[in-house]
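> Take this structure first; my questions come after.
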Amino acid sequence: MKKLISFALVLLVLLGCLTACNFTQNMSGAIASEVEATPKVEEMMAALAGDSTSDAKSLMHSQIAEVSDDAIVQMSDYIAGREVSTMELVGVNVNTSTGASGTIRQEQLVYQVTLTDGAVIHLNVVYLSNNQGTGFTSFQLVLGVV
């Protein structure tokens, strides 16, 4: 009986070792494909490149009390008409919760963006979906070393 239990435990450990390969990459790939904010990030970058502060402000979440026009103008001035050449998702953190106030989904994302002139920037964004609406609660351009 002891031999049978020992053999079963060895098989269980061996099975666990063989099935754990590449699990994290598969999960992150699955999560990255379910990110809702990517089209909105592209829309925000197009609005900033086109110097359309009203379109950029409309993409912010209604929960944000006041969006600074100066911050949006500053980001738009930096992008200065350059468009996105490539955009790669390099960091994902998705939290979903359901409670008495409904379902809340918060996506914290980091993108590496290459602009048409070859400049590389990073975007740190937080996209919130709840019963009050959807939109960015944070949209930051990160310059320099990340």
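Convention: chains lettered A, B, ... in structure tokens order; per-chain residue numbering from 1; ligands numbered from 1 as shown.
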List every residue of chain A that DSSP, applied to the backbone, labels as helix (DSSP H, G or I), and write the result as a PyMOL selection string.

chain A and resi 2-19+23-33+38-49+53-58+69-79

> Neighbours of range 46-58 of chain A within 10 Å (only C-alpha atoms; same-chain residues fewer than 4 positions away dropped), as JSON, numbers by chain?

{"A": [40, 41, 42, 62, 66, 67, 68, 69, 70, 71, 72, 73, 74, 75, 76, 77, 78, 79, 80, 81, 82, 83, 84, 135, 136]}

> Selected residues, C-alpha atoms, written as a CSV table (one decimal), in the first residue's frame, please.


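Saved to result.csv:
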```
chain,number,residue,atom,x,y,z
A,40,LYS,CA,-8.9,53.7,-27.0
A,41,VAL,CA,-5.2,54.2,-26.5
A,42,GLU,CA,-4.8,54.4,-30.3
A,62,SER,CA,-16.4,60.7,-16.1
A,66,GLU,CA,-11.4,67.9,-13.8
A,67,VAL,CA,-9.0,67.1,-16.6
A,68,SER,CA,-6.3,69.7,-17.0
A,69,ASP,CA,-6.3,71.3,-20.4
A,70,ASP,CA,-2.6,72.2,-19.8
A,71,ALA,CA,-1.7,68.5,-19.4
A,72,ILE,CA,-3.4,67.5,-22.6
A,73,VAL,CA,-1.9,70.4,-24.5
A,74,GLN,CA,1.5,69.6,-23.2
A,75,MET,CA,1.3,65.9,-24.4
A,76,SER,CA,-0.1,67.1,-27.7
A,77,ASP,CA,2.7,69.6,-28.1
A,78,TYR,CA,5.3,66.9,-27.5
A,79,ILE,CA,3.7,64.5,-30.1
A,80,ALA,CA,3.4,67.5,-32.5
A,81,GLY,CA,1.6,65.8,-35.3
A,82,ARG,CA,3.8,62.6,-35.3
A,83,GLU,CA,1.7,59.5,-35.6
A,84,VAL,CA,2.1,56.1,-34.0
A,135,GLY,CA,-12.5,55.9,-19.9
A,136,PHE,CA,-8.9,56.7,-18.8
```
